[in-house]
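This is data.tsv (TSV, C-alpha atoms).
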```tsv
chain	number	residue	atom	x	y	z
A	1	MET	CA	-16.72	-36.98	-76.80
A	2	SER	CA	-19.21	-38.73	-79.09
A	3	LEU	CA	-22.81	-39.22	-78.01
A	4	VAL	CA	-22.32	-43.01	-78.09
A	5	HIS	CA	-19.21	-42.90	-75.90
A	6	GLU	CA	-20.94	-40.49	-73.57
A	7	SER	CA	-24.01	-42.75	-73.37
A	8	GLU	CA	-21.81	-45.68	-72.35
A	9	GLU	CA	-20.19	-43.59	-69.66
A	10	ILE	CA	-23.60	-42.43	-68.42
A	11	ALA	CA	-24.85	-46.05	-68.31
A	12	ARG	CA	-21.84	-47.04	-66.22
A	13	ALA	CA	-22.38	-44.07	-63.91
A	14	ALA	CA	-26.06	-44.97	-63.53
A	15	GLY	CA	-25.02	-48.51	-62.56
A	16	GLY	CA	-22.86	-47.19	-59.74
A	17	ASP	CA	-19.45	-47.14	-61.45
A	18	ARG	CA	-17.55	-44.66	-59.30
A	19	LEU	CA	-14.91	-43.95	-61.94
A	20	ALA	CA	-17.53	-42.99	-64.51
A	21	GLN	CA	-19.39	-40.87	-61.95
A	22	SER	CA	-16.19	-39.12	-60.95
A	23	ALA	CA	-15.32	-38.42	-64.59
A	24	LEU	CA	-18.74	-36.84	-65.20
A	25	VAL	CA	-18.57	-34.73	-62.03
A	26	THR	CA	-15.02	-33.59	-62.75
A	27	ARG	CA	-15.81	-32.71	-66.36
A	28	HIS	CA	-19.09	-30.86	-65.88
A	29	THR	CA	-19.06	-29.29	-62.42
A	30	PRO	CA	-16.71	-26.34	-63.14
A	31	GLY	CA	-18.76	-25.07	-66.09
A	32	ILE	CA	-22.12	-25.49	-64.40
A	33	TYR	CA	-20.88	-23.90	-61.20
A	34	ALA	CA	-19.39	-20.94	-63.09
A	35	VAL	CA	-22.68	-20.29	-64.90
A	36	ALA	CA	-24.71	-20.64	-61.68
A	37	PHE	CA	-22.38	-18.33	-59.78
A	38	ARG	CA	-22.41	-15.70	-62.53
A	39	MET	CA	-26.20	-15.81	-62.61
A	40	LEU	CA	-26.80	-15.79	-58.84
A	41	ARG	CA	-23.64	-14.10	-57.51
A	42	ASN	CA	-23.76	-16.15	-54.36
A	43	ARG	CA	-21.58	-19.14	-53.61
A	44	GLY	CA	-24.14	-20.98	-51.48
A	45	ASP	CA	-26.96	-20.52	-53.98
A	46	ALA	CA	-24.71	-21.57	-56.86
A	47	GLU	CA	-23.68	-24.72	-54.97
A	48	ASP	CA	-27.33	-25.53	-54.24
A	49	VAL	CA	-28.13	-25.23	-57.95
A	50	VAL	CA	-25.24	-27.50	-58.95
A	51	GLN	CA	-26.27	-30.06	-56.34
A	52	GLU	CA	-29.90	-30.04	-57.47
A	53	THR	CA	-28.78	-30.30	-61.10
A	54	PHE	CA	-26.70	-33.40	-60.40
A	55	LEU	CA	-29.44	-34.97	-58.26
A	56	ARG	CA	-31.75	-34.68	-61.27
A	57	ALA	CA	-29.01	-36.03	-63.52
A	58	TRP	CA	-28.40	-39.12	-61.37
A	59	LYS	CA	-32.15	-39.81	-61.44
A	60	ALA	CA	-32.39	-39.31	-65.20
A	61	MET	CA	-29.34	-41.37	-66.10
A	62	PRO	CA	-30.81	-44.91	-65.93
A	63	GLY	CA	-33.20	-44.04	-68.77
A	64	TRP	CA	-30.85	-41.67	-70.59
A	65	GLU	CA	-31.52	-41.30	-74.32
A	66	PRO	CA	-28.64	-39.75	-76.28
A	67	ARG	CA	-30.74	-37.04	-77.91
A	68	ALA	CA	-28.60	-34.19	-76.59
A	69	LYS	CA	-25.16	-33.85	-75.09
A	70	LEU	CA	-25.14	-34.28	-71.32
A	71	SER	CA	-23.39	-30.92	-71.03
A	72	THR	CA	-26.27	-29.17	-72.80
A	73	TRP	CA	-28.83	-30.95	-70.60
A	74	LEU	CA	-26.98	-30.12	-67.38
A	75	HIS	CA	-26.52	-26.47	-68.30
A	76	ARG	CA	-30.17	-26.17	-69.29
A	77	VAL	CA	-31.35	-27.61	-65.97
A	78	ALA	CA	-28.95	-25.42	-64.00
A	79	LEU	CA	-29.91	-22.29	-65.90
A	80	ASN	CA	-33.63	-22.94	-65.38
A	81	LEU	CA	-33.01	-23.44	-61.66
A	82	CYS	CA	-31.15	-20.12	-61.63
A	83	PHE	CA	-34.01	-18.34	-63.42
A	84	ASP	CA	-36.46	-19.83	-60.86
A	85	ARG	CA	-34.36	-18.59	-57.95
A	86	LEU	CA	-33.95	-15.12	-59.44
A	87	ARG	CA	-37.71	-14.89	-60.02
A	88	ARG	CA	-38.48	-15.97	-56.44
A	89	THR	CA	-35.90	-13.54	-55.05
A	90	ARG	CA	-37.45	-10.64	-56.96
A	91	GLU	CA	-40.94	-11.60	-55.82
A	92	ARG	CA	-39.77	-11.50	-52.19
A	93	ALA	CA	-37.78	-8.28	-52.48
A	94	THR	CA	-40.52	-5.89	-53.55
A	95	ASP	CA	-40.07	-3.10	-51.02
A	96	SER	CA	-36.36	-2.82	-50.56
A	97	PRO	CA	-34.28	-3.45	-53.68
A	98	PRO	CA	-30.75	-4.61	-52.89
A	99	GLU	CA	-28.25	-1.85	-52.51
A	100	GLN	CA	-26.07	-1.57	-55.56
A	101	VAL	CA	-22.45	-0.66	-55.15
A	102	ASP	CA	-21.30	1.73	-57.85
A	103	HIS	CA	-18.07	0.45	-59.33
A	104	GLY	CA	-18.39	2.72	-62.38
A	105	LEU	CA	-15.15	3.83	-63.93
A	106	GLY	CA	-14.67	7.53	-63.82
A	107	PRO	CA	-13.06	9.38	-66.72
A	108	GLY	CA	-9.33	9.01	-66.55
A	109	GLU	CA	-9.48	7.03	-63.36
A	110	GLN	CA	-6.55	4.74	-62.78
A	111	LEU	CA	-8.25	1.78	-61.24
A	112	ASP	CA	-6.30	-1.11	-59.91
A	113	GLN	CA	-6.93	-4.59	-61.21
A	114	ALA	CA	-9.28	-5.65	-58.38
A	115	GLN	CA	-11.43	-2.53	-58.74
A	116	ARG	CA	-11.59	-2.95	-62.49
A	117	VAL	CA	-12.68	-6.59	-62.26
A	118	ALA	CA	-15.25	-5.69	-59.58
A	119	ALA	CA	-16.67	-3.00	-61.87
A	120	ILE	CA	-16.92	-5.41	-64.80
A	121	GLU	CA	-18.57	-8.09	-62.65
A	122	GLU	CA	-21.02	-5.54	-61.28
A	123	ALA	CA	-21.93	-4.42	-64.79
A	124	ILE	CA	-22.45	-8.04	-65.86
A	125	ALA	CA	-24.60	-8.67	-62.78
A	126	LYS	CA	-26.85	-5.75	-63.67
A	127	LEU	CA	-27.66	-7.11	-67.11
A	128	PRO	CA	-31.15	-8.55	-67.61
A	129	ASP	CA	-31.15	-12.29	-66.80
A	130	ARG	CA	-31.34	-13.64	-70.34
A	131	GLN	CA	-28.74	-11.22	-71.70
A	132	ARG	CA	-26.46	-12.18	-68.82
A	133	ALA	CA	-27.00	-15.88	-69.49
A	134	ALA	CA	-26.17	-15.45	-73.19
A	135	LEU	CA	-23.01	-13.47	-72.39
A	136	VAL	CA	-21.85	-15.89	-69.70
A	137	LEU	CA	-22.41	-18.96	-71.87
A	138	CYS	CA	-20.81	-17.60	-75.04
A	139	ARG	CA	-18.23	-15.07	-73.95
A	140	LEU	CA	-17.15	-16.24	-70.51
A	141	GLU	CA	-17.69	-20.01	-70.79
A	142	GLY	CA	-16.79	-20.39	-74.46
A	143	HIS	CA	-19.89	-22.21	-75.70
A	144	THR	CA	-20.64	-21.82	-79.40
A	145	ASN	CA	-23.69	-19.80	-80.35
A	146	ILE	CA	-25.42	-23.03	-81.39
A	147	GLU	CA	-24.73	-24.73	-78.03
A	148	ALA	CA	-25.80	-21.66	-76.07
A	149	ALA	CA	-28.99	-21.33	-78.10
A	150	SER	CA	-29.76	-24.99	-77.41
A	151	ILE	CA	-29.13	-24.56	-73.68
A	152	MET	CA	-31.41	-21.52	-73.55
A	153	ARG	CA	-33.96	-23.08	-75.91
A	154	VAL	CA	-33.95	-20.10	-78.25
A	155	SER	CA	-33.04	-19.69	-81.90
A	156	VAL	CA	-29.48	-18.72	-82.82
A	157	ASP	CA	-30.81	-15.38	-84.09
A	158	ALA	CA	-32.50	-14.71	-80.74
A	159	LEU	CA	-29.34	-15.66	-78.88
A	160	GLU	CA	-27.23	-13.32	-81.03
A	161	SER	CA	-29.70	-10.53	-80.40
A	162	LEU	CA	-29.33	-11.10	-76.63
A	163	LEU	CA	-25.55	-11.09	-77.00
A	164	ALA	CA	-25.49	-7.86	-79.00
A	165	ARG	CA	-27.76	-6.11	-76.48
A	166	ALA	CA	-25.65	-7.35	-73.56
A	167	ARG	CA	-22.45	-6.06	-75.14
A	168	ARG	CA	-24.09	-2.73	-76.01
A	169	THR	CA	-25.17	-2.27	-72.38
A	170	LEU	CA	-21.73	-3.17	-71.07
A	171	LYS	CA	-20.05	-0.77	-73.46
A	172	MET	CA	-22.35	2.02	-72.30
A	173	GLN	CA	-21.63	1.29	-68.64
A	174	LEU	CA	-17.93	0.57	-68.86
A	175	LEU	CA	-16.57	2.46	-71.85
A	176	ASN	CA	-18.81	5.40	-72.68
A	177	GLY	CA	-16.71	8.54	-72.74
A	178	LYS	CA	-14.22	6.93	-70.40
A	179	ASP	CA	-10.68	5.82	-70.49
A	180	HIS	CA	-11.70	2.16	-70.60
A	181	GLY	CA	-10.31	1.85	-67.06
A	182	LEU	CA	-7.24	0.35	-68.58
A	183	GLY	CA	-4.88	2.90	-67.14
B	1	MET	CA	-44.23	-5.37	-106.85
B	2	VAL	CA	-42.76	-5.52	-103.36
B	3	LEU	CA	-39.13	-4.87	-102.89
B	4	GLY	CA	-37.35	-6.56	-99.97
B	5	ASP	CA	-34.72	-4.95	-97.80
B	6	PRO	CA	-31.52	-4.31	-99.71
B	7	GLU	CA	-28.79	-6.85	-99.05
B	8	PRO	CA	-26.54	-5.49	-96.26
B	9	SER	CA	-23.07	-4.51	-97.37
B	10	LEU	CA	-20.05	-6.56	-96.31
B	11	GLU	CA	-19.08	-3.80	-93.89
B	12	ASP	CA	-22.55	-3.82	-92.28
B	13	ARG	CA	-22.41	-7.60	-91.92
B	14	VAL	CA	-18.97	-7.49	-90.33
B	15	ILE	CA	-20.05	-4.69	-87.97
B	16	ALA	CA	-23.00	-6.84	-86.88
B	17	LEU	CA	-20.64	-9.78	-86.31
B	18	VAL	CA	-18.24	-7.68	-84.26
B	19	GLU	CA	-21.07	-6.27	-82.15
B	20	ILE	CA	-22.30	-9.80	-81.38
B	21	HIS	CA	-19.10	-11.80	-80.99
B	22	GLY	CA	-16.40	-9.18	-80.44
B	23	ALA	CA	-13.44	-7.91	-82.40
B	24	ASP	CA	-11.41	-11.11	-82.33
B	25	PRO	CA	-12.40	-13.27	-85.33
B	26	ALA	CA	-11.22	-16.34	-83.41
B	27	LEU	CA	-14.38	-15.91	-81.31
B	28	TRP	CA	-16.70	-15.68	-84.31
B	29	PRO	CA	-18.66	-18.73	-85.50
B	30	PRO	CA	-16.53	-20.65	-88.03
B	31	THR	CA	-19.03	-20.02	-90.83
B	32	ALA	CA	-18.67	-16.25	-90.30
B	33	ARG	CA	-14.90	-16.28	-90.79
B	34	THR	CA	-15.05	-15.83	-94.52
B	35	ALA	CA	-12.09	-14.62	-96.55
B	36	ASP	CA	-13.76	-11.32	-97.49
B	37	ALA	CA	-14.73	-10.59	-93.84
B	38	LEU	CA	-11.22	-11.34	-92.62
B	39	SER	CA	-9.65	-9.23	-95.33
B	40	LEU	CA	-11.98	-6.32	-94.46
B	41	ILE	CA	-11.04	-6.32	-90.78
B	42	ALA	CA	-7.35	-6.47	-91.73
B	43	GLN	CA	-7.75	-2.99	-93.26
B	44	PRO	CA	-11.03	-1.70	-91.82
B	45	PRO	CA	-12.81	1.40	-93.11
B	46	VAL	CA	-13.27	4.23	-90.60
B	47	ARG	CA	-16.74	3.23	-89.33
B	48	LEU	CA	-15.76	-0.43	-88.83
B	49	SER	CA	-12.48	0.65	-87.29
B	50	LYS	CA	-14.30	2.66	-84.60
B	51	VAL	CA	-16.66	-0.24	-83.81
B	52	MET	CA	-13.76	-2.68	-83.62
B	53	ALA	CA	-11.85	-0.42	-81.22
B	54	ASP	CA	-14.82	-0.27	-78.81
B	55	GLU	CA	-15.46	-4.00	-79.03
B	56	ALA	CA	-11.79	-4.83	-78.56
B	57	ALA	CA	-11.77	-2.64	-75.43
B	58	LEU	CA	-14.78	-4.52	-74.08
B	59	ASP	CA	-13.15	-7.86	-74.94
B	60	GLY	CA	-10.08	-6.73	-72.99
B	61	LEU	CA	-12.21	-5.99	-69.93
B	62	LEU	CA	-14.09	-9.29	-70.18
B	63	ALA	CA	-10.80	-11.17	-70.44
B	64	ASP	CA	-9.95	-9.94	-66.93
B	65	VAL	CA	-12.95	-11.69	-65.41
B	66	ARG	CA	-11.80	-14.84	-63.63
B	67	ARG	CA	-13.77	-18.05	-63.64
B	68	PRO	CA	-15.22	-18.95	-60.21
B	69	GLU	CA	-14.09	-22.43	-59.18
B	70	PRO	CA	-16.23	-24.96	-57.29
B	71	SER	CA	-15.00	-26.02	-53.86
B	72	PRO	CA	-13.68	-29.55	-53.25
B	73	GLU	CA	-16.51	-29.94	-50.70
B	74	LEU	CA	-19.10	-29.40	-53.44
B	75	VAL	CA	-17.46	-32.04	-55.63
B	76	ALA	CA	-17.37	-34.45	-52.68
B	77	SER	CA	-21.05	-33.91	-51.94
B	78	LEU	CA	-21.96	-34.51	-55.59
B	79	MET	CA	-20.14	-37.83	-55.43
B	80	ALA	CA	-21.90	-38.67	-52.15
B	81	ASP	CA	-25.26	-38.19	-53.90
B	82	ALA	CA	-24.31	-40.43	-56.83
B	83	PRO	CA	-26.05	-43.82	-57.11
B	84	ARG	CA	-24.28	-46.71	-55.36
B	85	PRO	CA	-23.36	-49.93	-57.16
B	86	LYS	CA	-26.03	-52.62	-56.99
B	87	SER	CA	-25.33	-55.41	-54.47
B	88	SER	CA	-25.25	-58.08	-57.16
B	89	ALA	CA	-23.93	-56.64	-60.36
B	90	PHE	CA	-23.77	-60.13	-61.88
B	91	TRP	CA	-27.51	-60.78	-61.51
B	92	ALA	CA	-28.32	-57.26	-62.61
B	93	GLN	CA	-26.35	-57.87	-65.80
B	94	ILE	CA	-28.11	-61.18	-66.45
B	95	LYS	CA	-31.50	-59.56	-65.88
B	96	GLU	CA	-30.67	-56.66	-68.17
B	97	ARG	CA	-29.45	-58.98	-70.96
B	98	LEU	CA	-32.57	-61.11	-70.69
B	99	ARG	CA	-34.80	-58.06	-70.75
B	100	ARG	CA	-33.14	-56.57	-73.84
B	101	SER	CA	-32.72	-59.73	-75.94
B	102	PRO	CA	-35.65	-60.72	-78.22
B	103	VAL	CA	-34.43	-64.36	-78.21
B	104	LEU	CA	-33.28	-64.79	-74.65
B	105	ALA	CA	-36.30	-63.12	-73.06
B	106	PRO	CA	-38.86	-65.89	-73.91
B	107	VAL	CA	-36.28	-68.62	-73.24
B	108	GLY	CA	-35.52	-67.06	-69.89
B	109	GLY	CA	-39.22	-66.85	-69.10
B	110	ALA	CA	-39.73	-70.51	-70.00
B	111	ALA	CA	-36.73	-71.56	-67.91
B	112	ALA	CA	-37.99	-69.57	-64.96
B	113	SER	CA	-41.44	-71.18	-65.31
B	114	LEU	CA	-39.87	-74.66	-65.44
B	115	VAL	CA	-37.82	-74.06	-62.30
B	116	PHE	CA	-40.83	-72.59	-60.53
B	117	GLY	CA	-43.00	-75.57	-61.52
B	118	LEU	CA	-40.42	-78.09	-60.35
B	119	LEU	CA	-40.05	-76.32	-57.04
B	120	LEU	CA	-43.79	-76.17	-56.58
B	121	GLY	CA	-44.10	-79.88	-57.36
B	122	VAL	CA	-41.39	-80.91	-54.91
B	123	LEU	CA	-42.74	-78.76	-52.13
B	124	SER	CA	-46.39	-79.70	-52.70
B	125	PRO	CA	-47.97	-82.36	-50.36
B	126	TYR	CA	-48.88	-84.31	-53.52
B	127	GLY	CA	-45.56	-83.77	-55.18
B	128	GLY	CA	-43.37	-86.42	-53.59
B	129	SER	CA	-43.77	-90.19	-53.63
B	130	THR	CA	-45.71	-91.56	-50.66
B	131	GLY	CA	-44.30	-94.99	-51.12
B	132	ASP	CA	-47.85	-96.28	-51.45
B	133	ASP	CA	-48.78	-97.34	-55.01
B	134	ALA	CA	-52.47	-97.45	-54.21
B	135	ASP	CA	-52.42	-93.81	-53.13
B	136	THR	CA	-50.56	-92.82	-56.26
B	137	ASP	CA	-53.04	-94.72	-58.48
B	138	ALA	CA	-55.96	-93.14	-56.64
B	139	MET	CA	-54.52	-89.71	-57.23
B	140	ILE	CA	-53.97	-90.36	-60.96
B	141	TYR	CA	-57.47	-91.75	-61.48
B	142	ALA	CA	-58.98	-88.96	-59.46
B	143	ALA	CA	-57.22	-86.56	-61.78
B	144	LEU	CA	-58.69	-88.40	-64.78
B	145	GLY	CA	-62.19	-88.09	-63.33
B	146	ILE	CA	-62.64	-91.78	-62.43
B	147	ASP	CA	-63.91	-92.01	-58.88
B	148	ASP	CA	-63.59	-95.72	-58.21
B	149	PHE	CA	-61.14	-97.46	-60.51
B	150	SER	CA	-61.44	-100.92	-58.86
B	151	GLY	CA	-65.18	-100.96	-59.55
B	152	ALA	CA	-64.60	-100.00	-63.14
B	153	PHE	CA	-62.33	-102.98	-63.69
B	154	GLU	CA	-64.84	-105.34	-62.07
B	155	GLU	CA	-67.69	-104.18	-64.26
B	156	SER	CA	-65.66	-104.60	-67.43
B	157	GLY	CA	-64.83	-108.19	-66.43
B	158	PHE	CA	-61.13	-107.79	-65.93
B	159	GLU	CA	-61.17	-109.59	-62.64
```

Translate this structure into C-alpha cells?
Amino acid sequence: MSLVHESEEIARAAGGDRLAQSALVTRHTPGIYAVAFRMLRNRGDAEDVVQETFLRAWKAMPGWEPRAKLSTWLHRVALNLCFDRLRRTRERATDSPPEQVDHGLGPGEQLDQAQRVAAIEEAIAKLPDRQRAALVLCRLEGHTNIEAASIMRVSVDALESLLARARRTLKMQLLNGKDHGLG
Amino acid sequence: MVLGDPEPSLEDRVIALVEIHGADPALWPPTARTADALSLIAQPPVRLSKVMADEAALDGLLADVRRPEPSPELVASLMADAPRPKSSAFWAQIKERLRRSPVLAPVGGAAASLVFGLLLGVLSPYGGSTGDDADTDAMIYAALGIDDFSGAFEESGFE
C-alpha cells in the first residue's frame, strides 16, 4: 500500500469511518500482537501493549504525516512499550529470578513436536531483548532488514549484528553437539 | 602508507550472509542475492558447506514456531477504542475545506462576519425601525456628532 493511499485511509479512520478503522485493525493487529507476545511471553501483557499502541495511534491519526509507514510506527511504539515493561519487570524482580524450565535437547533425544517447539521458544525467550526483537521481526515476522532497522531505530549493520548474535546463541543452545532434535 | 583490511573473499561474504539471514537465499536481502553468491552456495566449499548445514538446521527449527494469534476480544476492544464519527460530518467537511483553502478561508471569514453583523444589528435595540422618523434622525445625527440638529438648521436660516 502506498503512503498516499495509506494516508487517505488513516484520515478516514481518524474521522470515524468504521470500515477504515476495521481495515487498519485487521491488517496490523496480528503482527503487532505476535511481536508483543514473543517479547513478553504473556498473553495479557501482550494484549495490553497492543491496546496501548492503538490508543496512541487513534490519537496520532488526526495529525498524521506520511513520513513513515503506519506499520513501522505501530511496531516501533509496541516494541518500545515492550522494552519498558521488560525493564520494569527486571527492576521489580531483583531477589528471585523467574524459574527457568530447561527444555534443552539432549543428544539423540527423540523429542515430540510440542517439546521441540517449547524448547525453541524457551531458547528465543532467553535471548537478550534486542537480539530477540531483531530475530522476531526479521525471521519470525518476515520484515526486511531495512524495515526492522527502522522499527528498532538502529542502522542496518547494527541490526544484522544483532541477528547474527541471536542465531549464534540459538545454535549453541539448540544444536551444539546434538541431534538437532529433529528425530 | 596505511593499508586497509583486505577485501573479504566471496566465501567469507556468503558465510557472513548465511550467519545473519540463514541458509535459504530466499530470506536474504535482494541485493545480496548476486549471481556469484548463488552459484557458490549451489556447490559450496567445505567450510561454507558446514556453516550452511548448521544454519539450515536452525532455520528448520525456527520454521516450527507458530505465530501467536490475537483473540477476537482484543480486536473488538481495539474497535471500541477507535474514534467515533463526528455528529455532523457535513459541517466538519465544510470547516475543513474552508480551513485548508487559501481562497475560501478569507471569503468564509468575511461571510461569517457579515452574517454575524446582520444578526447583531437585527437583535440590537437600535437595530430595528421604531416607526418614529424623529427618533431615527436623532440617532443618525447623534452618530455624526451633532447634538441638536433642529437648532443647527435654525441658525443657518433654513427655517

For a cut-off of 9 Å around (-23.8, -19.5, -60.5), file coordinates, pick out all residues using only C-alpha atoms and list them as a PDB file with C-alpha atoms, keeping the file's coordinate frame.
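Okay, out.pdb is ready:
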```
ATOM      1  CA  ILE A  32     -22.120 -25.490 -64.400  1.00  0.00           C
ATOM      2  CA  TYR A  33     -20.880 -23.900 -61.200  1.00  0.00           C
ATOM      3  CA  ALA A  34     -19.390 -20.940 -63.090  1.00  0.00           C
ATOM      4  CA  VAL A  35     -22.680 -20.290 -64.900  1.00  0.00           C
ATOM      5  CA  ALA A  36     -24.710 -20.640 -61.680  1.00  0.00           C
ATOM      6  CA  PHE A  37     -22.380 -18.330 -59.780  1.00  0.00           C
ATOM      7  CA  ARG A  38     -22.410 -15.700 -62.530  1.00  0.00           C
ATOM      8  CA  MET A  39     -26.200 -15.810 -62.610  1.00  0.00           C
ATOM      9  CA  LEU A  40     -26.800 -15.790 -58.840  1.00  0.00           C
ATOM     10  CA  ARG A  41     -23.640 -14.100 -57.510  1.00  0.00           C
ATOM     11  CA  ASN A  42     -23.760 -16.150 -54.360  1.00  0.00           C
ATOM     12  CA  ARG A  43     -21.580 -19.140 -53.610  1.00  0.00           C
ATOM     13  CA  ASP A  45     -26.960 -20.520 -53.980  1.00  0.00           C
ATOM     14  CA  ALA A  46     -24.710 -21.570 -56.860  1.00  0.00           C
ATOM     15  CA  GLU A  47     -23.680 -24.720 -54.970  1.00  0.00           C
ATOM     16  CA  VAL A  49     -28.130 -25.230 -57.950  1.00  0.00           C
ATOM     17  CA  VAL A  50     -25.240 -27.500 -58.950  1.00  0.00           C
ATOM     18  CA  ALA A  78     -28.950 -25.420 -64.000  1.00  0.00           C
ATOM     19  CA  LEU A  79     -29.910 -22.290 -65.900  1.00  0.00           C
ATOM     20  CA  CYS A  82     -31.150 -20.120 -61.630  1.00  0.00           C
TER      21      CYS A  82
ATOM     22  CA  PRO B  68     -15.220 -18.950 -60.210  1.00  0.00           C
TER      23      PRO B  68
END
```

Report the centre and edge lengths, in Å to one decimal, of an axis-aligned box enclosing every atom of region 64-72 of chain B listed in the file, padded by 3 Å on each side, as JSON.
```
{"center_x": -13.1, "center_y": -19.7, "center_z": -60.1, "size_x": 12.3, "size_y": 25.6, "size_z": 19.7}
```

Nearest to chain A, chosen from B:Ser113, B:Thr34, B:Ser9, B:Ser77, with all atoms listed in the file counted in the distances:
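Of the candidates, the smallest distance to chain A is held by B:Ser77.
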
Residue nearest Val154 (chain A) - candidates A:Phe54, A:Arg76, A:Thr169, A:Leu86, atoms counted: only C-alpha atoms
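The shortest atom-to-atom distance to Val154 (chain A) comes from A:Arg76.
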
Chain A residues within 8 Å of chain B, counting all atoms listed in the file: which ones, as a VMD selection string?
chain A and resid 13 to 17 21 to 22 25 to 26 29 to 30 33 to 34 37 47 51 54 to 55 58 117 120 to 121 139 to 140 144 to 145 160 to 161 163 to 164 167 to 168 170 to 171 174 to 175 180

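For the pair CA of Ala42 (chain B) and CA of Cys138 (chain A), the interatomic distance is 24.2 Å.
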
With all atoms listed in the file counted, which protein, DNA or RNA residues have an atom no more than 10 Å from (-16.2, -0.8, -90.6) in the file frame? Please answer as a list of chain:residue names.
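Nearby residues: B:Leu10, B:Glu11, B:Asp12, B:Arg13, B:Val14, B:Ile15, B:Ala16, B:Val18, B:Leu40, B:Ile41, B:Gln43, B:Pro44, B:Pro45, B:Val46, B:Arg47, B:Leu48, B:Ser49, B:Lys50, B:Val51, B:Met52.
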
Taking all atoms listed in the file into account, name the residue in A:Ala158, A:Leu19, A:Ala166, A:Ala148 that is nearest to Ala125 (chain A).
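Among the listed residues, A:Ala166 lies closest to Ala125 (chain A).
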
Distance CA of Asn80 (chain A)-CA of Ser150 (chain A), one decimal place?
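Interatomic distance here is 12.8 Å.
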
From CA of Glu9 (chain A) to CA of Met61 (chain A) the spacing works out at 10.1 Å

Please output region 55-67 of chain A, rebuilt to include N, CA, C and O atoms, as an mmCIF file, in the frame of the given file.
```cif
data_model
loop_
_atom_site.group_PDB
_atom_site.id
_atom_site.type_symbol
_atom_site.label_atom_id
_atom_site.label_comp_id
_atom_site.auth_asym_id
_atom_site.auth_seq_id
_atom_site.Cartn_x
_atom_site.Cartn_y
_atom_site.Cartn_z
ATOM 1 N N LEU A 55 -28.440 -34.032 -58.790
ATOM 2 C CA LEU A 55 -29.440 -34.970 -58.260
ATOM 3 C C LEU A 55 -30.407 -35.379 -59.373
ATOM 4 O O LEU A 55 -30.753 -36.553 -59.525
ATOM 5 N N ARG A 56 -30.842 -34.385 -60.155
ATOM 6 C CA ARG A 56 -31.750 -34.680 -61.270
ATOM 7 C C ARG A 56 -31.040 -35.540 -62.326
ATOM 8 O O ARG A 56 -31.657 -36.405 -62.947
ATOM 9 N N ALA A 57 -29.762 -35.255 -62.522
ATOM 10 C CA ALA A 57 -29.010 -36.030 -63.520
ATOM 11 C C ALA A 57 -28.889 -37.490 -63.089
ATOM 12 O O ALA A 57 -29.116 -38.399 -63.893
ATOM 13 N N TRP A 58 -28.539 -37.725 -61.819
ATOM 14 C CA TRP A 58 -28.400 -39.120 -61.370
ATOM 15 C C TRP A 58 -29.719 -39.868 -61.543
ATOM 16 O O TRP A 58 -29.742 -41.038 -61.889
ATOM 17 N N LYS A 59 -30.838 -39.155 -61.289
ATOM 18 C CA LYS A 59 -32.150 -39.810 -61.440
ATOM 19 C C LYS A 59 -32.463 -40.096 -62.901
ATOM 20 O O LYS A 59 -33.075 -41.099 -63.229
ATOM 21 N N ALA A 60 -32.053 -39.178 -63.772
ATOM 22 C CA ALA A 60 -32.390 -39.310 -65.200
ATOM 23 C C ALA A 60 -31.502 -40.320 -65.920
ATOM 24 O O ALA A 60 -31.870 -40.851 -66.964
ATOM 25 N N MET A 61 -30.323 -40.590 -65.362
ATOM 26 C CA MET A 61 -29.340 -41.370 -66.100
ATOM 27 C C MET A 61 -29.749 -42.817 -66.427
ATOM 28 O O MET A 61 -29.416 -43.304 -67.512
ATOM 29 N N PRO A 62 -30.460 -43.534 -65.556
ATOM 30 C CA PRO A 62 -30.810 -44.910 -65.930
ATOM 31 C C PRO A 62 -31.620 -44.999 -67.224
ATOM 32 O O PRO A 62 -31.528 -45.979 -67.953
ATOM 33 N N GLY A 63 -32.415 -43.996 -67.522
ATOM 34 C CA GLY A 63 -33.200 -44.040 -68.770
ATOM 35 C C GLY A 63 -32.697 -43.057 -69.801
ATOM 36 O O GLY A 63 -33.457 -42.615 -70.652
ATOM 37 N N TRP A 64 -31.408 -42.736 -69.726
ATOM 38 C CA TRP A 64 -30.850 -41.670 -70.590
ATOM 39 C C TRP A 64 -30.934 -42.050 -72.064
ATOM 40 O O TRP A 64 -30.543 -43.138 -72.469
ATOM 41 N N GLU A 65 -31.485 -41.136 -72.861
ATOM 42 C CA GLU A 65 -31.520 -41.300 -74.320
ATOM 43 C C GLU A 65 -30.567 -40.266 -74.911
ATOM 44 O O GLU A 65 -30.690 -39.080 -74.589
ATOM 45 N N PRO A 66 -29.645 -40.698 -75.767
ATOM 46 C CA PRO A 66 -28.640 -39.750 -76.280
ATOM 47 C C PRO A 66 -29.195 -38.801 -77.339
ATOM 48 O O PRO A 66 -28.751 -38.780 -78.476
ATOM 49 N N ARG A 67 -30.203 -38.016 -76.946
ATOM 50 C CA ARG A 67 -30.740 -37.040 -77.910
ATOM 51 C C ARG A 67 -29.937 -35.748 -77.879
ATOM 52 O O ARG A 67 -29.829 -35.059 -78.869
#
```
